[in-house]
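**Q** Sharing a structure below in structure tokens format, with a few things to ask.
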Amino acid sequence: MKKNVSFVFDKPLHGRVLAQEFFDVLLMAAAFDQKVSLYFMADGVFSLLKNQVPEMLDMKNNSPLLEALAIYDVDNLYIEKESMDDRGIQNEQLILALEVLSQSAMNNKMAISDHVFSF
Amino acid sequence: MKFSIQINASPYQYQASDSAWQFVRAAVDNGHEVFRVFFYHDGVYCAANDVSPPSDERQLVKRWLKLHKESDVDLVVCVSSAQRRGLLETSVAKKTGGYEDAIADGFRVAGLGLLMESVIESDRHITFGA
């Protein structure tokens, strides 16, 4: 049975290392052929900025993984407009072309989730 | 209703695993099924065999194992989380043989596939601890 499994990125990927193991769950959901969606909001929108160099701090760079999600048939990626605006982030600063949704549109989309994961 | 539980937080910094344990007990007592409890992130410390808290503190491992014995709840510790935190024997060769010394009997060690199976099989998958 396929379920709608949502992954919420509402915190930056760095500062806490929890995202590392969070990505493992995400990839496992994709490997199990579930309907996987990613939602970026609040400080989680920083995850998608170009030119991140966490290697400087000996931390893993997750940008290549995010860019490769299409290979895993994960292409439901959404980012919240209000969160981008609040932080002065423009589309062209992001590593991916993803669907920009208003907060209410995002809430409506997330409401169909069977399960929601965050970190 | 069929529940599955995921515990993410360290038991000596957060109360999440306590809340999870209370939830599982209440669910079982009220006739619900708890398909699996999956220990992830620092939650794997709940299953550490050699923890020796002072006797006037909660005894986590004993508490989970009592629940396991009484209700046959499946307790699964994530293998990669445990490996990252040094809870499994160091050599891979040993791992394939008997590698569960650091994890208390009653817990089993398995991969994220079992977490995803819980998500698919259960009506509700509830995460305790960010």
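Every chain in the structure tokens takes a letter, A first, then B, and so on in the order presented; its residues are numbered from 1, and the ligands are numbered from 1 following the presented order.
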Quick one: residues within 10 Å of B:Pro11, only C-alpha atoms counted, chain neighbours fewer than 6 positions away excluded, as a compact mmCIF listing (two decimals) with C-alpha atoms, in the first residue's frame?
**A**
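Saved as result.txt:
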```txt
# COMPACT_ATOMS: atom_id res chain seq x y z
CA SER B 17 11.02 8.22 25.87
CA ASP B 18 9.08 8.34 29.16
CA ASP B 42 19.73 9.25 20.50
CA GLY B 43 16.66 7.20 21.38
CA VAL B 44 18.87 4.12 20.94
CA TYR B 45 20.36 4.89 24.35
CA CYS B 46 17.09 3.62 25.85
CA ALA B 47 18.27 0.13 24.97
CA LEU B 60 14.55 2.51 31.59
CA GLY B 129 11.26 13.69 20.70
```
**Q** Residues of chain B in strand (DSSP E or B) according to DSSP, as a PyMOL selection string?
**A** chain B and resi 2-7+33-39+48+75-78+103+107-110+124-128
**Q** Using only C-alpha atoms, find each residue of chain B with at least one atom at most 9 Å away from an atom of chain A; report its shortest atom-to-atom pair and that distance in Å (one decimal), sort the rows by chain and rising residue number, and return the result as CSV.
**A**
```
residue,atom,partner,partner_atom,distance
B:Asn8,CA,A:Phe119,CA,9.0
B:Tyr40,CA,A:Glu21,CA,8.5
B:His41,CA,A:Glu21,CA,7.0
B:Ser80,CA,A:Glu21,CA,8.8
B:Ser81,CA,A:Glu21,CA,7.7
B:Leu112,CA,A:Met28,CA,6.7
B:Gly113,CA,A:Met28,CA,6.7
B:Leu115,CA,A:Val25,CA,8.2
B:Met116,CA,A:Ala29,CA,6.3
B:Glu117,CA,A:Phe32,CA,8.6
B:Val119,CA,A:His115,CA,7.3
B:Ile120,CA,A:Lys3,CA,6.7
B:Glu121,CA,A:Met1,CA,8.6
B:Asp123,CA,A:Asp114,CA,8.5
B:Arg124,CA,A:His115,CA,7.5
B:His125,CA,A:His115,CA,6.7
B:Ile126,CA,A:His115,CA,8.6
B:Thr127,CA,A:Phe117,CA,7.9
B:Gly129,CA,A:Phe119,CA,8.8
B:Ala130,CA,A:Phe119,CA,5.3
```
**Q** Just to be explicit: take each residue in the selection above, keep C-alpha atoms, and write the result as a PDB file, in the first residue's frame.
**A**
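Dumped to out-v3.pdb:
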```pdb
ATOM      1  CA  ASN B   8      14.215  10.007  18.850  1.00  0.00           C
ATOM      2  CA  TYR B  40      16.161   6.141  16.464  1.00  0.00           C
ATOM      3  CA  HIS B  41      18.703   8.955  16.816  1.00  0.00           C
ATOM      4  CA  SER B  80      22.958   2.589  11.966  1.00  0.00           C
ATOM      5  CA  SER B  81      22.003   4.927  14.826  1.00  0.00           C
ATOM      6  CA  LEU B 112      15.297   1.544   8.800  1.00  0.00           C
ATOM      7  CA  GLY B 113      13.281  -0.823   6.622  1.00  0.00           C
ATOM      8  CA  LEU B 115      10.664   1.775  10.530  1.00  0.00           C
ATOM      9  CA  MET B 116       9.158   2.169   7.099  1.00  0.00           C
ATOM     10  CA  GLU B 117       7.233  -1.080   7.504  1.00  0.00           C
ATOM     11  CA  VAL B 119       4.722   3.518   8.870  1.00  0.00           C
ATOM     12  CA  ILE B 120       3.040   1.480   6.145  1.00  0.00           C
ATOM     13  CA  GLU B 121       1.358  -1.051   8.427  1.00  0.00           C
ATOM     14  CA  ASP B 123      -2.917   3.581  11.323  1.00  0.00           C
ATOM     15  CA  ARG B 124      -0.822   6.105  13.229  1.00  0.00           C
ATOM     16  CA  HIS B 125       2.935   6.518  13.451  1.00  0.00           C
ATOM     17  CA  ILE B 126       3.788   8.699  16.429  1.00  0.00           C
ATOM     18  CA  THR B 127       7.175  10.290  16.995  1.00  0.00           C
ATOM     19  CA  GLY B 129      11.261  13.686  20.704  1.00  0.00           C
ATOM     20  CA  ALA B 130      12.420  15.910  17.878  1.00  0.00           C
TER      21      ALA B 130
END
```
**Q** Closest to B:Asn49 among B:Val77, B:Ala104, B:Val28, B:Val109, using only C-alpha atoms?
**A**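 Among B:Val77, B:Ala104, B:Val28, B:Val109, it is B:Ala104 that comes nearest to B:Asn49.
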**Q** Give the answer as one residue: which of B:Gln6, B:Val79, B:Arg63, B:His32 has the shortest atom-to-atom distance to B:Ala20, using only C-alpha atoms?
**A** B:Gln6
**Q** To one decimal place in Å, what is the distance between atom CA of A:Ile112 and atom CA of A:Ser6?
**A**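 Separating atom CA of A:Ile112 from atom CA of A:Ser6 is a distance of 9.3 Å.
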**Q** So which residues touch A:Met84 within 12 Å, counting only C-alpha atoms, skipping near sequence neighbours fewer than 3 positions away, as a VMD selection string?
**A** chain A and resid 10 40 to 49 78 to 81 87 to 94 100 to 103
**Q** For atom CA of A:Lys50 and atom CA of A:Asn76, quote the distance in Å rounded to one decimal.
**A**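 Going from atom CA of A:Lys50 over to atom CA of A:Asn76 covers 19.6 Å.
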**Q** Please identify the helix (DSSP H, G or I) residues within chain A (assignment by DSSP from backbone atoms) and present them as an mmCIF file with N, CA and C atoms, in the first residue's frame.
**A**
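Output (out_19.cif):
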```
data_model
loop_
_atom_site.group_PDB
_atom_site.id
_atom_site.type_symbol
_atom_site.label_atom_id
_atom_site.label_comp_id
_atom_site.auth_asym_id
_atom_site.auth_seq_id
_atom_site.Cartn_x
_atom_site.Cartn_y
_atom_site.Cartn_z
ATOM 1 N N ALA A 19 19.628 16.205 11.033
ATOM 2 C CA ALA A 19 19.177 16.052 9.658
ATOM 3 C C ALA A 19 19.848 14.868 8.969
ATOM 4 N N GLN A 20 21.055 14.548 9.416
ATOM 5 C CA GLN A 20 21.792 13.450 8.786
ATOM 6 C C GLN A 20 20.971 12.166 8.797
ATOM 7 N N GLU A 21 20.481 11.800 9.978
ATOM 8 C CA GLU A 21 19.708 10.569 10.079
ATOM 9 C C GLU A 21 18.279 10.759 9.547
ATOM 10 N N PHE A 22 17.852 12.002 9.484
ATOM 11 C CA PHE A 22 16.532 12.311 8.915
ATOM 12 C C PHE A 22 16.519 11.970 7.428
ATOM 13 N N PHE A 23 17.607 12.305 6.743
ATOM 14 C CA PHE A 23 17.701 11.990 5.315
ATOM 15 C C PHE A 23 17.638 10.478 5.068
ATOM 16 N N ASP A 24 18.184 9.706 6.009
ATOM 17 C CA ASP A 24 18.142 8.248 5.851
ATOM 18 C C ASP A 24 16.699 7.744 5.833
ATOM 19 N N VAL A 25 15.864 8.343 6.688
ATOM 20 C CA VAL A 25 14.449 7.940 6.725
ATOM 21 C C VAL A 25 13.772 8.316 5.411
ATOM 22 N N LEU A 26 14.098 9.525 4.953
ATOM 23 C CA LEU A 26 13.513 10.025 3.704
ATOM 24 C C LEU A 26 13.837 9.069 2.539
ATOM 25 N N LEU A 27 15.113 8.686 2.450
ATOM 26 C CA LEU A 27 15.527 7.805 1.349
ATOM 27 C C LEU A 27 14.905 6.418 1.497
ATOM 28 N N MET A 28 14.722 5.993 2.746
ATOM 29 C CA MET A 28 14.090 4.693 2.957
ATOM 30 C C MET A 28 12.623 4.725 2.501
ATOM 31 N N ALA A 29 11.951 5.825 2.783
ATOM 32 C CA ALA A 29 10.553 5.963 2.329
ATOM 33 C C ALA A 29 10.483 5.919 0.806
ATOM 34 N N ALA A 30 11.461 6.573 0.160
ATOM 35 C CA ALA A 30 11.498 6.548 -1.304
ATOM 36 C C ALA A 30 11.795 5.134 -1.805
ATOM 37 N N ALA A 31 12.720 4.463 -1.120
ATOM 38 C CA ALA A 31 13.085 3.098 -1.514
ATOM 39 C C ALA A 31 11.893 2.148 -1.367
ATOM 40 N N ALA A 42 9.938 27.996 7.340
ATOM 41 C CA ALA A 42 10.699 28.661 8.420
ATOM 42 C C ALA A 42 12.196 28.633 8.073
ATOM 43 N N ASP A 43 13.066 28.399 9.060
ATOM 44 C CA ASP A 43 14.501 28.407 8.772
ATOM 45 C C ASP A 43 14.936 27.213 7.920
ATOM 46 N N GLY A 44 14.019 26.271 7.701
ATOM 47 C CA GLY A 44 14.323 25.139 6.821
ATOM 48 C C GLY A 44 14.593 25.555 5.391
ATOM 49 N N VAL A 45 14.116 26.741 4.996
ATOM 50 C CA VAL A 45 14.358 27.202 3.623
ATOM 51 C C VAL A 45 15.854 27.453 3.386
ATOM 52 N N PHE A 46 16.605 27.690 4.446
ATOM 53 C CA PHE A 46 18.052 27.883 4.283
ATOM 54 C C PHE A 46 18.731 26.615 3.745
ATOM 55 N N SER A 47 18.069 25.454 3.927
ATOM 56 C CA SER A 47 18.638 24.186 3.458
ATOM 57 C C SER A 47 18.916 24.203 1.975
ATOM 58 N N LEU A 48 18.176 25.043 1.253
ATOM 59 C CA LEU A 48 18.196 24.990 -0.204
ATOM 60 C C LEU A 48 19.088 26.052 -0.839
ATOM 61 N N PRO A 54 29.660 23.334 3.975
ATOM 62 C CA PRO A 54 29.771 22.805 5.342
ATOM 63 C C PRO A 54 31.050 21.994 5.552
ATOM 64 N N GLU A 55 31.692 21.599 4.431
ATOM 65 C CA GLU A 55 32.959 20.863 4.551
ATOM 66 C C GLU A 55 33.985 21.670 5.349
ATOM 67 N N MET A 56 33.872 22.995 5.281
ATOM 68 C CA MET A 56 34.764 23.844 6.074
ATOM 69 C C MET A 56 34.706 23.501 7.546
ATOM 70 N N LEU A 57 33.532 23.052 7.986
ATOM 71 C CA LEU A 57 33.338 22.717 9.401
ATOM 72 C C LEU A 57 33.368 21.204 9.601
ATOM 73 N N SER A 63 23.563 19.209 -0.040
ATOM 74 C CA SER A 63 23.028 19.754 -1.287
ATOM 75 C C SER A 63 23.001 18.716 -2.418
ATOM 76 N N PRO A 64 24.088 17.929 -2.619
ATOM 77 C CA PRO A 64 24.056 16.939 -3.701
ATOM 78 C C PRO A 64 22.903 15.944 -3.546
ATOM 79 N N LEU A 65 22.631 15.571 -2.309
ATOM 80 C CA LEU A 65 21.527 14.631 -2.073
ATOM 81 C C LEU A 65 20.190 15.263 -2.448
ATOM 82 N N LEU A 66 19.986 16.510 -2.018
ATOM 83 C CA LEU A 66 18.734 17.199 -2.342
ATOM 84 C C LEU A 66 18.573 17.335 -3.859
ATOM 85 N N GLU A 67 19.695 17.623 -4.529
ATOM 86 C CA GLU A 67 19.633 17.781 -5.980
ATOM 87 C C GLU A 67 19.375 16.451 -6.684
ATOM 88 N N LEU A 69 17.409 13.988 -5.604
ATOM 89 C CA LEU A 69 16.181 13.306 -5.163
ATOM 90 C C LEU A 69 15.323 12.826 -6.328
ATOM 91 N N ALA A 70 15.402 13.537 -7.462
ATOM 92 C CA ALA A 70 14.602 13.144 -8.623
ATOM 93 C C ALA A 70 14.941 11.722 -9.064
ATOM 94 N N ILE A 71 16.217 11.322 -8.864
ATOM 95 C CA ILE A 71 16.636 9.957 -9.219
ATOM 96 C C ILE A 71 15.831 8.936 -8.427
ATOM 97 N N TYR A 72 15.464 9.311 -7.208
ATOM 98 C CA TYR A 72 14.676 8.410 -6.355
ATOM 99 C C TYR A 72 13.173 8.616 -6.576
ATOM 100 N N LYS A 81 6.269 30.407 0.582
ATOM 101 C CA LYS A 81 6.573 31.756 0.083
ATOM 102 C C LYS A 81 6.863 32.735 1.229
ATOM 103 N N GLU A 82 6.006 32.698 2.249
ATOM 104 C CA GLU A 82 6.179 33.640 3.358
ATOM 105 C C GLU A 82 7.549 33.472 4.022
ATOM 106 N N SER A 83 7.987 32.228 4.159
ATOM 107 C CA SER A 83 9.284 31.975 4.796
ATOM 108 C C SER A 83 10.417 32.517 3.940
ATOM 109 N N MET A 84 10.267 32.376 2.610
ATOM 110 C CA MET A 84 11.290 32.939 1.704
ATOM 111 C C MET A 84 11.313 34.460 1.823
ATOM 112 N N ASP A 85 10.115 35.056 1.777
ATOM 113 C CA ASP A 85 10.030 36.525 1.833
ATOM 114 C C ASP A 85 10.627 37.063 3.136
ATOM 115 N N ASP A 86 10.259 36.418 4.252
ATOM 116 C CA ASP A 86 10.755 36.880 5.555
ATOM 117 C C ASP A 86 12.279 36.907 5.597
ATOM 118 N N ASN A 91 14.036 32.853 -5.632
ATOM 119 C CA ASN A 91 14.097 31.557 -6.315
ATOM 120 C C ASN A 91 15.478 31.222 -6.857
ATOM 121 N N GLU A 92 16.123 32.240 -7.467
ATOM 122 C CA GLU A 92 17.382 31.949 -8.164
ATOM 123 C C GLU A 92 18.540 31.666 -7.192
ATOM 124 N N GLN A 93 18.296 31.869 -5.889
ATOM 125 C CA GLN A 93 19.332 31.533 -4.902
ATOM 126 C C GLN A 93 19.264 30.065 -4.473
ATOM 127 N N GLN A 103 1.512 29.872 2.571
ATOM 128 C CA GLN A 103 1.366 29.081 3.791
ATOM 129 C C GLN A 103 0.070 28.273 3.789
ATOM 130 N N SER A 104 -1.009 28.911 3.370
ATOM 131 C CA SER A 104 -2.297 28.196 3.416
ATOM 132 C C SER A 104 -2.336 27.080 2.373
ATOM 133 N N ALA A 105 -1.752 27.334 1.187
ATOM 134 C CA ALA A 105 -1.730 26.284 0.160
ATOM 135 C C ALA A 105 -0.885 25.103 0.632
ATOM 136 N N MET A 106 0.199 25.420 1.340
ATOM 137 C CA MET A 106 1.066 24.360 1.862
ATOM 138 C C MET A 106 0.337 23.544 2.925
ATOM 139 N N ASN A 107 -0.375 24.234 3.802
ATOM 140 C CA ASN A 107 -1.141 23.528 4.831
ATOM 141 C C ASN A 107 -2.154 22.589 4.200
ATOM 142 N N ASN A 108 -2.825 23.060 3.145
ATOM 143 C CA ASN A 108 -3.815 22.217 2.471
ATOM 144 C C ASN A 108 -3.167 20.978 1.862
ATOM 145 N N LYS A 109 -2.001 21.176 1.263
ATOM 146 C CA LYS A 109 -1.302 20.056 0.636
ATOM 147 C C LYS A 109 -0.853 19.050 1.686
ATOM 148 N N MET A 110 -0.312 19.574 2.796
ATOM 149 C CA MET A 110 0.190 18.680 3.844
ATOM 150 C C MET A 110 -0.917 17.900 4.515
#
```
**Q** Go through B:Val34, B:Ala9, B:Leu88, B:Cys78 and flag the residue nearest B:Ala102, using only C-alpha atoms for the distances.
**A**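 Closest candidate: B:Leu88.
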